[in-house]
$ cat entry-v5.cif   # mmCIF, C-alpha atoms and all ligand atoms
data_query
#
loop_
_atom_site.group_PDB
_atom_site.id
_atom_site.type_symbol
_atom_site.label_atom_id
_atom_site.label_comp_id
_atom_site.auth_asym_id
_atom_site.auth_seq_id
_atom_site.Cartn_x
_atom_site.Cartn_y
_atom_site.Cartn_z
ATOM 1 C CA MET U 11 30.922 7.316 21.616
ATOM 2 C CA GLU U 12 28.856 4.921 19.549
ATOM 3 C CA THR U 13 29.056 5.333 15.767
ATOM 4 C CA PRO U 14 26.093 7.491 14.570
ATOM 5 C CA GLN U 15 25.242 5.104 11.739
ATOM 6 C CA TYR U 16 24.613 2.266 14.206
ATOM 7 C CA VAL U 17 22.563 4.508 16.476
ATOM 8 C CA ALA U 18 20.399 5.602 13.529
ATOM 9 C CA ALA U 19 19.972 1.994 12.406
ATOM 10 C CA ARG U 20 18.963 0.919 15.920
ATOM 11 C CA ILE U 21 16.350 3.692 16.210
ATOM 12 C CA GLN U 22 14.952 2.928 12.761
ATOM 13 C CA ARG U 23 14.699 -0.758 13.619
ATOM 14 C CA ALA U 24 12.990 0.056 16.934
ATOM 15 C CA LEU U 25 10.434 2.249 15.145
ATOM 16 C CA ALA U 26 9.648 -0.581 12.714
ATOM 17 C CA GLU U 27 9.555 -3.398 15.263
ATOM 18 C CA ASP U 28 8.165 -1.776 18.422
ATOM 19 C CA GLU U 29 4.505 -2.616 18.972
ATOM 20 C CA ARG U 30 3.751 1.011 19.797
ATOM 21 C CA THR U 31 4.871 2.258 16.401
ATOM 22 C CA ASN U 32 5.457 -0.309 13.633
ATOM 23 C CA GLU U 33 6.409 2.670 11.456
ATOM 24 C CA LEU U 34 8.588 1.810 8.464
ATOM 25 C CA GLY U 35 8.671 5.191 6.769
ATOM 26 C CA ILE U 36 10.480 7.336 9.354
ATOM 27 C CA ARG U 37 13.820 8.800 8.380
ATOM 28 C CA VAL U 38 16.370 8.899 11.189
ATOM 29 C CA ASP U 39 19.523 11.067 11.066
ATOM 30 C CA VAL U 40 22.081 11.244 13.852
ATOM 31 C CA ARG U 41 24.525 14.158 14.051
ATOM 32 C CA GLY U 42 26.743 14.045 17.116
ATOM 33 C CA ASP U 43 24.389 13.705 20.088
ATOM 34 C CA GLN U 44 21.382 15.031 18.136
ATOM 35 C CA VAL U 45 18.748 12.728 16.608
ATOM 36 C CA PHE U 46 16.415 14.001 13.875
ATOM 37 C CA LEU U 47 13.188 12.184 13.010
ATOM 38 C CA ARG U 48 11.353 12.959 9.767
ATOM 39 C CA GLY U 49 8.301 11.536 8.043
ATOM 40 C CA GLN U 50 4.519 11.738 8.017
ATOM 41 C CA VAL U 51 1.909 10.119 10.258
ATOM 42 C CA SER U 52 -1.865 10.397 10.621
ATOM 43 C CA CYS U 53 -2.298 11.741 14.157
ATOM 44 C CA GLU U 54 -0.622 13.450 17.110
ATOM 45 C CA GLU U 55 -0.701 10.248 19.190
ATOM 46 C CA ARG U 56 1.403 8.412 16.572
ATOM 47 C CA ARG U 57 3.807 11.372 16.393
ATOM 48 C CA HIS U 58 4.386 11.130 20.132
ATOM 49 C CA GLY U 59 4.703 7.353 20.041
ATOM 50 C CA ILE U 60 7.537 7.698 17.528
ATOM 51 C CA GLU U 61 9.322 10.163 19.762
ATOM 52 C CA ASP U 62 8.971 7.895 22.834
ATOM 53 C CA VAL U 63 10.332 4.833 21.038
ATOM 54 C CA ALA U 64 13.219 6.835 19.550
ATOM 55 C CA ARG U 65 14.170 8.275 22.972
ATOM 56 C CA GLU U 66 14.229 4.825 24.539
ATOM 57 C CA ALA U 67 16.414 3.485 21.729
ATOM 58 C CA ALA U 68 18.846 6.403 22.077
ATOM 59 C CA PRO U 69 19.280 7.191 25.775
ATOM 60 C CA GLY U 70 21.344 10.306 26.436
ATOM 61 C CA LEU U 71 20.814 11.788 22.978
ATOM 62 C CA THR U 72 18.596 14.762 22.151
ATOM 63 C CA VAL U 73 15.673 13.777 19.928
ATOM 64 C CA HIS U 74 14.202 16.340 17.526
ATOM 65 C CA ASN U 75 10.764 15.235 16.412
ATOM 66 C CA GLU U 76 10.284 16.746 12.948
ATOM 67 C CA VAL U 77 7.631 14.185 11.974
ATOM 68 C CA GLN U 78 4.645 15.947 10.409
ATOM 69 C CA LEU U 79 0.957 15.226 10.412
ATOM 70 C CA LEU U 80 -0.246 13.876 7.081
ATOM 71 C CA GLU U 81 -2.626 16.370 5.475
ATOM 72 C CA VAL U 82 -5.266 14.604 3.401
ATOM 73 C CA SER U 83 -7.296 16.917 1.168
ATOM 74 C CA ASP U 84 -10.500 16.222 -0.754
ATOM 75 C CA PRO U 85 -10.142 14.303 -4.023
ATOM 76 C CA GLY U 86 -8.888 16.470 -6.890
ATOM 77 C CA GLU U 87 -9.454 16.335 -10.649
ATOM 78 C CA GLU U 88 -9.975 12.876 -12.093
ATOM 79 C CA GLU U 89 -7.322 11.543 -14.460
ATOM 80 C CA HIS U 90 -8.393 10.176 -17.852
ATOM 81 C CA LEU U 91 -6.508 7.067 -18.910
ATOM 82 C CA MET F 11 -18.674 0.107 -23.804
ATOM 83 C CA ARG F 12 -18.669 3.236 -21.655
ATOM 84 C CA ALA F 13 -16.058 4.961 -19.515
ATOM 85 C CA LEU F 14 -15.683 3.961 -15.867
ATOM 86 C CA ARG F 15 -14.624 6.129 -12.943
ATOM 87 C CA ILE F 16 -12.485 4.252 -10.437
ATOM 88 C CA ALA F 17 -11.518 5.661 -7.041
ATOM 89 C CA ALA F 18 -8.306 4.334 -5.503
ATOM 90 C CA VAL F 19 -6.271 4.665 -2.317
ATOM 91 C CA ALA F 20 -3.777 2.566 -0.305
ATOM 92 C CA ASP F 21 -1.898 2.669 2.997
ATOM 93 C CA ILE F 22 -4.711 4.148 5.036
ATOM 94 C CA HIS F 23 -3.159 2.432 8.115
ATOM 95 C CA LEU F 24 -6.294 2.725 10.242
ATOM 96 C CA GLY F 25 -6.447 2.173 13.988
ATOM 97 C CA GLU F 26 -8.592 3.020 16.973
ATOM 98 C CA ASP F 27 -6.695 6.331 17.368
ATOM 99 C CA ILE F 28 -8.041 7.701 14.069
ATOM 100 C CA ARG F 29 -11.428 5.952 13.997
ATOM 101 C CA GLY F 30 -14.081 7.918 12.109
ATOM 102 C CA HIS F 31 -11.661 10.269 10.323
ATOM 103 C CA TYR F 32 -11.261 8.383 7.073
ATOM 104 C CA ARG F 33 -14.944 7.525 6.813
ATOM 105 C CA LYS F 34 -15.753 11.233 6.738
ATOM 106 C CA LYS F 35 -13.445 11.669 3.757
ATOM 107 C CA LEU F 36 -15.503 9.123 1.811
ATOM 108 C CA GLU F 37 -18.732 11.108 2.015
ATOM 109 C CA GLY F 38 -20.138 11.736 -1.455
ATOM 110 C CA ILE F 39 -17.776 9.268 -3.132
ATOM 111 C CA GLU F 40 -20.722 7.838 -5.068
ATOM 112 C CA HIS F 41 -20.935 11.119 -7.020
ATOM 113 C CA ARG F 42 -17.281 10.918 -8.022
ATOM 114 C CA ALA F 43 -16.703 7.218 -8.715
ATOM 115 C CA GLU F 44 -18.450 3.897 -9.302
ATOM 116 C CA VAL F 45 -16.075 1.664 -7.366
ATOM 117 C CA LEU F 46 -13.364 2.097 -4.702
ATOM 118 C CA LEU F 47 -10.118 0.116 -4.843
ATOM 119 C CA VAL F 48 -8.005 -0.103 -1.681
ATOM 120 C CA GLY F 49 -4.430 -1.306 -2.169
ATOM 121 C CA GLY F 50 -3.457 -2.762 1.208
ATOM 122 C CA ASP F 51 -1.885 -1.639 4.489
ATOM 123 C CA LEU F 52 -5.359 -1.066 5.818
ATOM 124 C CA THR F 53 -4.042 -1.311 9.400
ATOM 125 C CA ARG F 54 -0.860 -0.468 11.304
ATOM 126 C CA HIS F 55 -0.224 -3.670 13.254
ATOM 127 C CA GLY F 56 -2.583 -6.124 11.575
ATOM 128 C CA THR F 57 -4.637 -6.799 14.703
ATOM 129 C CA ILE F 58 -8.248 -7.967 14.849
ATOM 130 C CA GLU F 59 -9.179 -4.703 16.622
ATOM 131 C CA GLU F 60 -7.737 -2.624 13.800
ATOM 132 C CA GLY F 61 -9.424 -4.919 11.270
ATOM 133 C CA GLN F 62 -12.721 -4.026 12.912
ATOM 134 C CA VAL F 63 -11.985 -0.305 12.476
ATOM 135 C CA VAL F 64 -11.311 -0.938 8.762
ATOM 136 C CA ALA F 65 -14.548 -2.913 8.415
ATOM 137 C CA ASP F 66 -16.466 -0.056 10.056
ATOM 138 C CA GLU F 67 -14.806 2.692 7.975
ATOM 139 C CA LEU F 68 -15.043 0.944 4.580
ATOM 140 C CA GLY F 69 -18.235 -1.054 5.116
ATOM 141 C CA ASP F 70 -21.676 -0.027 3.836
ATOM 142 C CA LEU F 71 -20.469 2.465 1.246
ATOM 143 C CA PRO F 72 -22.925 3.248 -1.572
ATOM 144 C CA ILE F 73 -20.412 1.862 -4.140
ATOM 145 C CA PRO F 74 -18.605 -1.506 -4.244
ATOM 146 C CA VAL F 75 -15.255 -1.653 -2.428
ATOM 147 C CA VAL F 76 -12.462 -4.009 -3.529
ATOM 148 C CA ALA F 77 -9.416 -4.391 -1.279
ATOM 149 C CA VAL F 78 -6.213 -6.366 -0.907
ATOM 150 C CA LEU F 79 -4.164 -6.699 2.272
ATOM 151 C CA GLY F 80 -0.659 -5.257 2.750
ATOM 152 C CA ASN F 81 2.382 -6.326 4.764
ATOM 153 C CA HIS F 82 1.166 -4.442 7.862
ATOM 154 C CA ASP F 83 -2.084 -6.414 7.758
ATOM 155 C CA TYR F 84 -0.049 -9.636 8.080
ATOM 156 C CA HIS F 85 2.035 -8.503 11.047
ATOM 157 C CA SER F 86 -0.091 -10.077 13.819
ATOM 158 C CA ASP F 87 -0.791 -13.326 11.912
ATOM 159 C CA ALA F 88 -4.472 -12.382 11.764
ATOM 160 C CA ASP F 89 -4.642 -11.774 8.001
ATOM 161 C CA ARG F 90 -7.269 -14.450 7.434
ATOM 162 C CA GLU F 91 -9.448 -13.190 10.255
ATOM 163 C CA ILE F 92 -9.146 -9.601 9.010
ATOM 164 C CA ALA F 93 -10.050 -10.647 5.456
ATOM 165 C CA ALA F 94 -13.089 -12.542 6.803
ATOM 166 C CA MET F 95 -14.209 -9.516 8.857
ATOM 167 C CA LEU F 96 -13.959 -7.260 5.824
ATOM 168 C CA ARG F 97 -15.923 -9.731 3.709
ATOM 169 C CA ASP F 98 -18.607 -9.843 6.402
ATOM 170 C CA ALA F 99 -18.806 -6.055 6.072
ATOM 171 C CA GLY F 100 -19.496 -6.425 2.340
ATOM 172 C CA ILE F 101 -15.991 -5.569 1.126
ATOM 173 C CA ILE F 102 -14.547 -7.714 -1.670
ATOM 174 C CA VAL F 103 -11.083 -8.898 -0.592
ATOM 175 C CA LEU F 104 -8.823 -10.280 -3.310
ATOM 176 C CA ASP F 105 -6.167 -12.843 -2.491
ATOM 177 C CA ASP F 106 -4.572 -13.780 -5.810
ATOM 178 C CA ASP F 107 -7.964 -14.033 -7.445
ATOM 179 C CA ALA F 108 -10.378 -11.788 -9.331
ATOM 180 C CA VAL F 109 -13.862 -10.387 -9.276
ATOM 181 C CA VAL F 110 -16.105 -9.121 -12.061
ATOM 182 C CA ILE F 111 -18.356 -6.261 -11.002
ATOM 183 C CA PRO F 112 -21.238 -5.328 -13.284
ATOM 184 C CA LEU F 113 -21.499 -1.528 -13.260
ATOM 185 C CA ASP F 114 -24.532 -0.345 -15.155
ATOM 186 C CA GLY F 115 -23.956 -2.564 -18.195
ATOM 187 C CA THR F 116 -20.134 -2.487 -18.154
ATOM 188 C CA ARG F 117 -18.168 -5.289 -16.519
ATOM 189 C CA LEU F 118 -15.151 -4.227 -14.461
ATOM 190 C CA GLY F 119 -12.706 -7.031 -13.750
ATOM 191 C CA VAL F 120 -10.322 -6.545 -10.822
ATOM 192 C CA ALA F 121 -7.545 -9.081 -10.248
ATOM 193 C CA GLY F 122 -4.759 -9.150 -7.708
ATOM 194 C CA GLY F 123 -3.611 -9.577 -4.154
ATOM 195 C CA LYS F 124 -0.857 -8.481 -1.833
ATOM 196 C CA GLY F 125 2.023 -9.096 -4.275
ATOM 197 C CA PHE F 126 5.557 -9.226 -2.870
ATOM 198 C CA GLY F 127 9.135 -8.023 -3.341
ATOM 199 C CA GLY F 128 12.273 -9.286 -5.039
ATOM 200 C CA GLY F 129 13.399 -6.311 -7.084
ATOM 201 C CA PHE F 130 13.437 -5.243 -10.686
ATOM 202 C CA ALA F 131 14.851 -6.719 -13.871
ATOM 203 C CA GLY F 132 18.642 -6.915 -13.795
ATOM 204 C CA LYS F 133 18.818 -5.984 -10.097
ATOM 205 C CA CYS F 134 16.758 -8.641 -8.392
ATOM 206 C CA ALA F 135 17.026 -11.686 -6.193
ATOM 207 C CA SER F 136 17.079 -15.151 -7.812
ATOM 208 C CA GLU F 137 15.911 -18.518 -6.607
ATOM 209 C CA PHE F 138 19.415 -19.610 -5.700
ATOM 210 C CA GLY F 139 21.415 -20.452 -2.584
ATOM 211 C CA GLU F 140 20.057 -20.657 0.935
ATOM 212 C CA PRO F 141 16.530 -21.941 1.527
ATOM 213 C CA GLU F 142 15.562 -18.545 3.023
ATOM 214 C CA THR F 143 16.503 -16.754 -0.202
ATOM 215 C CA LYS F 144 14.755 -19.344 -2.324
ATOM 216 C CA ALA F 145 11.578 -19.085 -0.222
ATOM 217 C CA PHE F 146 11.526 -15.284 -0.581
ATOM 218 C CA VAL F 147 11.848 -15.395 -4.357
ATOM 219 C CA ARG F 148 9.534 -18.398 -4.688
ATOM 220 C CA HIS F 149 6.747 -16.515 -2.866
ATOM 221 C CA THR F 150 6.768 -13.752 -5.496
ATOM 222 C CA LYS F 151 7.041 -16.224 -8.375
ATOM 223 C CA ASP F 152 4.035 -18.166 -7.107
ATOM 224 C CA ILE F 153 1.992 -14.988 -6.771
ATOM 225 C CA ALA F 154 2.905 -13.787 -10.277
ATOM 226 C CA GLU F 155 2.026 -17.220 -11.665
ATOM 227 C CA ARG F 156 -1.396 -17.105 -9.990
ATOM 228 C CA TRP F 157 -2.045 -13.566 -11.287
ATOM 229 C CA ARG F 158 -1.195 -14.684 -14.813
ATOM 230 C CA HIS F 159 -3.655 -17.553 -14.552
ATOM 231 C CA VAL F 160 -6.377 -15.357 -13.025
ATOM 232 C CA LEU F 161 -5.925 -12.656 -15.698
ATOM 233 C CA LYS F 162 -6.001 -15.222 -18.496
ATOM 234 C CA ASN F 163 -9.439 -16.328 -17.363
ATOM 235 C CA LEU F 164 -10.804 -12.886 -16.526
ATOM 236 C CA ASP F 165 -13.589 -11.970 -18.910
ATOM 237 C CA ALA F 166 -14.523 -8.296 -18.483
ATOM 238 C CA ASP F 167 -14.787 -5.024 -20.433
ATOM 239 C CA HIS F 168 -12.137 -3.249 -18.343
ATOM 240 C CA ARG F 169 -9.363 -5.010 -16.423
ATOM 241 C CA VAL F 170 -7.543 -3.543 -13.433
ATOM 242 C CA VAL F 171 -4.827 -5.174 -11.331
ATOM 243 C CA LEU F 172 -4.870 -4.288 -7.618
ATOM 244 C CA SER F 173 -1.715 -4.912 -5.578
ATOM 245 C CA HIS F 174 0.041 -3.721 -2.455
ATOM 246 C CA TYR F 175 3.625 -4.145 -3.697
ATOM 247 C CA SER F 176 4.799 -2.297 -6.786
ATOM 248 C CA PRO F 177 5.191 -3.950 -10.203
ATOM 249 C CA VAL F 178 7.605 -1.257 -11.471
ATOM 250 C CA LYS F 179 10.311 1.020 -10.121
ATOM 251 C CA ASP F 180 8.942 4.193 -11.768
ATOM 252 C CA THR F 181 6.476 4.657 -8.924
ATOM 253 C CA LEU F 182 9.175 4.092 -6.267
ATOM 254 C CA ALA F 183 11.088 7.270 -7.196
ATOM 255 C CA GLY F 184 11.691 9.067 -3.892
ATOM 256 C CA GLU F 185 12.358 5.870 -1.927
ATOM 257 C CA PRO F 186 15.988 4.876 -1.179
ATOM 258 C CA PRO F 187 17.077 2.600 -4.092
ATOM 259 C CA GLU F 188 18.655 0.198 -1.568
ATOM 260 C CA ILE F 189 15.201 -0.931 -0.431
ATOM 261 C CA TYR F 190 13.599 -1.363 -3.883
ATOM 262 C CA PRO F 191 13.785 -5.183 -3.606
ATOM 263 C CA PHE F 192 11.479 -4.930 -0.570
ATOM 264 C CA LEU F 193 9.034 -2.640 -2.341
ATOM 265 C CA GLY F 194 8.091 -4.700 -5.340
ATOM 266 C CA SER F 195 8.942 -7.071 -8.137
ATOM 267 C CA TYR F 196 9.019 -6.899 -11.922
ATOM 268 C CA LEU F 197 7.445 -10.374 -11.981
ATOM 269 C CA LEU F 198 4.108 -8.729 -11.105
ATOM 270 C CA ALA F 199 4.365 -6.411 -14.128
ATOM 271 C CA GLU F 200 5.443 -9.272 -16.357
ATOM 272 C CA ALA F 201 2.302 -11.231 -15.462
ATOM 273 C CA ALA F 202 0.058 -8.246 -16.239
ATOM 274 C CA ASP F 203 1.904 -7.458 -19.481
ATOM 275 C CA ALA F 204 1.544 -11.081 -20.617
ATOM 276 C CA GLU F 205 -2.221 -11.153 -20.170
ATOM 277 C CA GLY F 206 -3.153 -7.472 -20.560
ATOM 278 C CA ALA F 207 -4.753 -4.930 -18.243
ATOM 279 C CA ASP F 208 -5.877 -1.302 -18.465
ATOM 280 C CA LEU F 209 -4.358 -0.156 -15.185
ATOM 281 C CA ILE F 210 -2.331 -1.408 -12.219
ATOM 282 C CA VAL F 211 -2.935 0.219 -8.836
ATOM 283 C CA HIS F 212 -0.610 -0.309 -5.863
ATOM 284 C CA GLY F 213 0.617 1.242 -2.605
ATOM 285 C CA HIS F 214 3.347 0.351 -0.064
ATOM 286 C CA ALA F 215 5.912 2.963 -1.224
ATOM 287 C CA HIS F 216 4.927 5.916 0.982
ATOM 288 C CA LEU F 217 7.774 8.072 -0.347
ATOM 289 C CA GLY F 218 7.270 7.059 -3.972
ATOM 290 C CA THR F 219 5.637 8.745 -6.971
ATOM 291 C CA GLU F 220 2.108 8.387 -8.316
ATOM 292 C CA LYS F 221 2.657 7.671 -11.998
ATOM 293 C CA GLY F 222 4.544 5.001 -13.883
ATOM 294 C CA MET F 223 4.217 2.428 -16.656
ATOM 295 C CA THR F 224 5.087 -1.244 -17.195
ATOM 296 C CA PRO F 225 7.540 -2.251 -19.950
ATOM 297 C CA GLY F 226 4.459 -3.394 -21.907
ATOM 298 C CA GLY F 227 2.765 0.012 -21.597
ATOM 299 C CA ILE F 228 0.202 -0.583 -18.831
ATOM 300 C CA ARG F 229 -0.299 2.514 -16.703
ATOM 301 C CA VAL F 230 0.773 2.042 -13.060
ATOM 302 C CA ARG F 231 -0.443 4.275 -10.220
ATOM 303 C CA ASN F 232 0.966 4.372 -6.669
ATOM 304 C CA VAL F 233 -1.985 5.525 -4.557
ATOM 305 C CA ALA F 234 -0.359 5.357 -1.093
ATOM 306 C CA LEU F 235 -2.069 8.031 0.991
ATOM 307 C CA PRO F 236 1.115 10.070 1.639
ATOM 308 C CA VAL F 237 1.886 9.990 -2.116
ATOM 309 C CA ILE F 238 -1.504 11.183 -3.374
ATOM 310 C CA GLY F 239 -2.201 13.570 -0.461
ATOM 311 C CA HIS F 240 -5.933 13.253 -1.171
ATOM 312 C CA SER F 241 -8.500 11.006 0.479
ATOM 313 C CA TYR F 242 -8.463 9.037 -2.833
ATOM 314 C CA VAL F 243 -7.814 9.649 -6.514
ATOM 315 C CA VAL F 244 -10.213 8.983 -9.395
ATOM 316 C CA TYR F 245 -9.094 7.402 -12.658
ATOM 317 C CA CYS F 246 -11.424 7.437 -15.621
ATOM 318 C CA LEU F 247 -10.997 4.451 -17.927
ATOM 319 C CA ASP F 248 -12.219 5.433 -21.361
ATOM 320 C CA GLY F 249 -14.406 3.439 -23.699
ATOM 321 C CA GLU F 250 -11.857 1.115 -25.324
ATOM 322 C CA GLY F 251 -10.594 -1.534 -22.905
ATOM 323 C CA VAL F 252 -7.286 -3.338 -23.494
ATOM 324 C CA HIS F 253 -7.286 -7.102 -23.956
HETATM 325 FE FE FE R 301 2.061 1.286 4.138
HETATM 326 FE FE FE R 302 3.268 -1.758 2.978
#

$ encode --input "entry-v5.cif" --output "structure tokens" --more "lines below"
Ligand SMILES: [Fe+2]
Ligand SMILES: [Fe+2]
Amino acid sequence: METPQYVAARIQRALAEDERTNELGIRVDVRGDQVFLRGQVSCEERRHGIEDVAREAAPGLTVHNEVQLLEVSDPGEEEHL
Amino acid sequence: MRALRIAAVADIHLGEDIRGHYRKKLEGIEHRAEVLLVGGDLTRHGTIEEGQVVADELGDLPIPVVAVLGNHDYHSDADREIAAMLRDAGIIVLDDDAVVIPLDGTRLGVAGGKGFGGGFAGKCASEFGEPETKAFVRHTKDIAERWRHVLKNLDADHRVVLSHYSPVKDTLAGEPPEIYPFLGSYLLAEAADAEGADLIVHGHAHLGTEKGMTPGGIRVRNVALPVIGHSYVVYCLDGEGVH
């Protein structure tokens, strides 16, 4: 079996370089044949894109998409500098 | 001289898939702030199409908008075209230069550009060895040199530096330390400390921390959208500017 560190590195690189994602801030952890994706993105479409690219980069492994949607709330209190 | 309220955000990473969403979040901004600063990574892939979404979302706001580009906005080699589209939409785009905006009798000077990496004092790359390494470090040095020159000649009541990359490591806390050299450079802080500024605003470090300070005592704020969790933050610069 391929070393998990290299699998994780390959998925992370694919997420950064693949045209469909270009996501640099996704954390990838590989444990045995399980892949865990974590991070935040702005919409459901981008969440799915990340999952697709990760699956293609790690055929045969089970991908758990734990990427969350970024919640953006209204501006809060102003800060005095 | 009076206080100024400055709205700031970075890393909005707009695209056709989220068109219209961010614009809604800007409704009423004119009641909260007098200017909006946007610290780069306006797009995801840096395409012309995404640039058009940014122009539509940030254009025609009731307050002036000043932006810089980020690394994502360079990805498709259309950075110049994107900057031109934004300018056509009335957005001020800084590229290692400055603008002075008169705001009801007070002059706000904003200087900056994309910035670049290289790392932080004692743990950074040097202009030594292979041409590729030298070119990387030289790029940051050239930028810092231009910022120093621009700041020296910037005559305004309040001075803010707008960047994409970070000038300090304080605001990177939360990012893996191994990638700090790709997130910013102390040379950017050194330029601002040499010439003086009231505030430095940046983005790029999505997992970082909002607040930090340069060795010379200039407040630094990482306003990357995932860091602030708000559509933008507002900083109020009080009456006495720093020079
Ligand atoms: Fe970003
Ligand atoms: Fe970035």

$ resolve_selection --input "entry-v5.cif" --expression "the PyMOL selection byres ((chain U) within 8 of (chain F))" --output "number ranges by chain"
U: 29, 32-33, 35, 50, 52-53, 55, 80-91

$ residues_near_point --input "entry-v5.cif" --point "(8.3, -4.0, -6.7)" --cutoff "9 Å" --atoms "only C-alpha atoms" --output "PyMOL selection string"
chain F and resi 125-130+175-179+182+190-199

$ residues_around --input "entry-v5.cif" --residues "Ala166 in chain F" --least-positions-apart "3" --cutoff "12 Å" --atoms "only C-alpha atoms" --output "PyMOL selection string"
chain F and resi 11+108-113+115-121+161-163+169-170+206-208+250-253

$ closest_residue --input "entry-v5.cif" --among "U:Leu34, U:Val45, U:Glu12, U:Glu61" --to "ligand FE 302 (chain R)" --atoms "all atoms listed in the file"
U:Leu34

$ atom_distance --input "entry-v5.cif" --atom1 "CA of Val19 in chain F" --atom2 "CA of Val233 in chain F"
4.9 Å

$ atom_distance --input "entry-v5.cif" --atom1 "CA of Lys221 in chain F" --atom2 "CA of Leu47 in chain F"
16.5 Å

$ residues_around --input "entry-v5.cif" --residues "range 65-68 of chain U" --least-positions-apart "4" --cutoff "9 Å" --atoms "all atoms listed in the file" --output "JSON, numbers by chain"
{"U": [17, 18, 20, 21, 24, 25, 45, 60, 61, 72, 73]}

$ atom_distance --input "entry-v5.cif" --atom1 "CA of Ala201 in chain F" --atom2 "CA of Ala154 in chain F"
5.8 Å

$ closest_residue --input "entry-v5.cif" --among "F:Arg231, F:Arg29, F:His212, F:Lys124" --to "His149 in chain F" --atoms "all atoms listed in the file"
F:Lys124

$ resolve_selection --input "entry-v5.cif" --expression "the PyMOL selection byres (((chain U and resi 38) around 8) and not hetatm)" --output "PyMOL selection string"
chain U and resi 18-19+21-22+36-37+39-40+45-48

$ axis_aligned_box --input "entry-v5.cif" --around "range 76-81 of chain U" --padding-each-side "6 Å" --output "lines of an AutoDock Vina configuration file"
center_x = 3.8
center_y = 15.3
center_z = 9.2
size_x = 24.9
size_y = 14.9
size_z = 19.5

$ resolve_selection --input "entry-v5.cif" --expression "the PyMOL selection byres (((chain F and resi 79) around 10) and not hetatm)" --output "PDB file with C-alpha atoms, in the frame of the given file"
ATOM      1  CA  ALA F  20      -3.777   2.566  -0.305  1.00  0.00           C
ATOM      2  CA  ASP F  21      -1.898   2.669   2.997  1.00  0.00           C
ATOM      3  CA  VAL F  48      -8.005  -0.103  -1.681  1.00  0.00           C
ATOM      4  CA  GLY F  49      -4.430  -1.306  -2.169  1.00  0.00           C
ATOM      5  CA  GLY F  50      -3.457  -2.762   1.208  1.00  0.00           C
ATOM      6  CA  ASP F  51      -1.885  -1.639   4.489  1.00  0.00           C
ATOM      7  CA  LEU F  52      -5.359  -1.066   5.818  1.00  0.00           C
ATOM      8  CA  THR F  53      -4.042  -1.311   9.400  1.00  0.00           C
ATOM      9  CA  GLY F  56      -2.583  -6.124  11.575  1.00  0.00           C
ATOM     10  CA  ALA F  77      -9.416  -4.391  -1.279  1.00  0.00           C
ATOM     11  CA  VAL F  78      -6.213  -6.366  -0.907  1.00  0.00           C
ATOM     12  CA  GLY F  80      -0.659  -5.257   2.750  1.00  0.00           C
ATOM     13  CA  ASN F  81       2.382  -6.326   4.764  1.00  0.00           C
ATOM     14  CA  HIS F  82       1.166  -4.442   7.862  1.00  0.00           C
ATOM     15  CA  ASP F  83      -2.084  -6.414   7.758  1.00  0.00           C
ATOM     16  CA  TYR F  84      -0.049  -9.636   8.080  1.00  0.00           C
ATOM     17  CA  ASP F  89      -4.642 -11.774   8.001  1.00  0.00           C
ATOM     18  CA  ARG F  90      -7.269 -14.450   7.434  1.00  0.00           C
ATOM     19  CA  ILE F  92      -9.146  -9.601   9.010  1.00  0.00           C
ATOM     20  CA  ALA F  93     -10.050 -10.647   5.456  1.00  0.00           C
ATOM     21  CA  VAL F 103     -11.083  -8.898  -0.592  1.00  0.00           C
ATOM     22  CA  LEU F 104      -8.823 -10.280  -3.310  1.00  0.00           C
ATOM     23  CA  ASP F 105      -6.167 -12.843  -2.491  1.00  0.00           C
ATOM     24  CA  GLY F 123      -3.611  -9.577  -4.154  1.00  0.00           C
ATOM     25  CA  LYS F 124      -0.857  -8.481  -1.833  1.00  0.00           C
ATOM     26  CA  GLY F 125       2.023  -9.096  -4.275  1.00  0.00           C
ATOM     27  CA  SER F 173      -1.715  -4.912  -5.578  1.00  0.00           C
ATOM     28  CA  HIS F 174       0.041  -3.721  -2.455  1.00  0.00           C
TER      29      HIS F 174
END

$ closest_residue --input "entry-v5.cif" --among "U:Arg30, U:Val63, U:Val51, U:Gly42" --to "ligand FE 301 (chain R)" --atoms "only C-alpha atoms and all ligand atoms"
U:Val51

$ closest_residue --input "entry-v5.cif" --among "F:Arg33, F:Gly218, F:Ile228, F:Gln62" --to "ligand FE 301 (chain R)" --atoms "all atoms listed in the file"
F:Gly218

$ closest_residue --input "entry-v5.cif" --among "F:Ala88, F:Val237, F:Val76, F:Leu71" --to "ligand FE 301 (chain R)" --atoms "all atoms listed in the file"
F:Val237
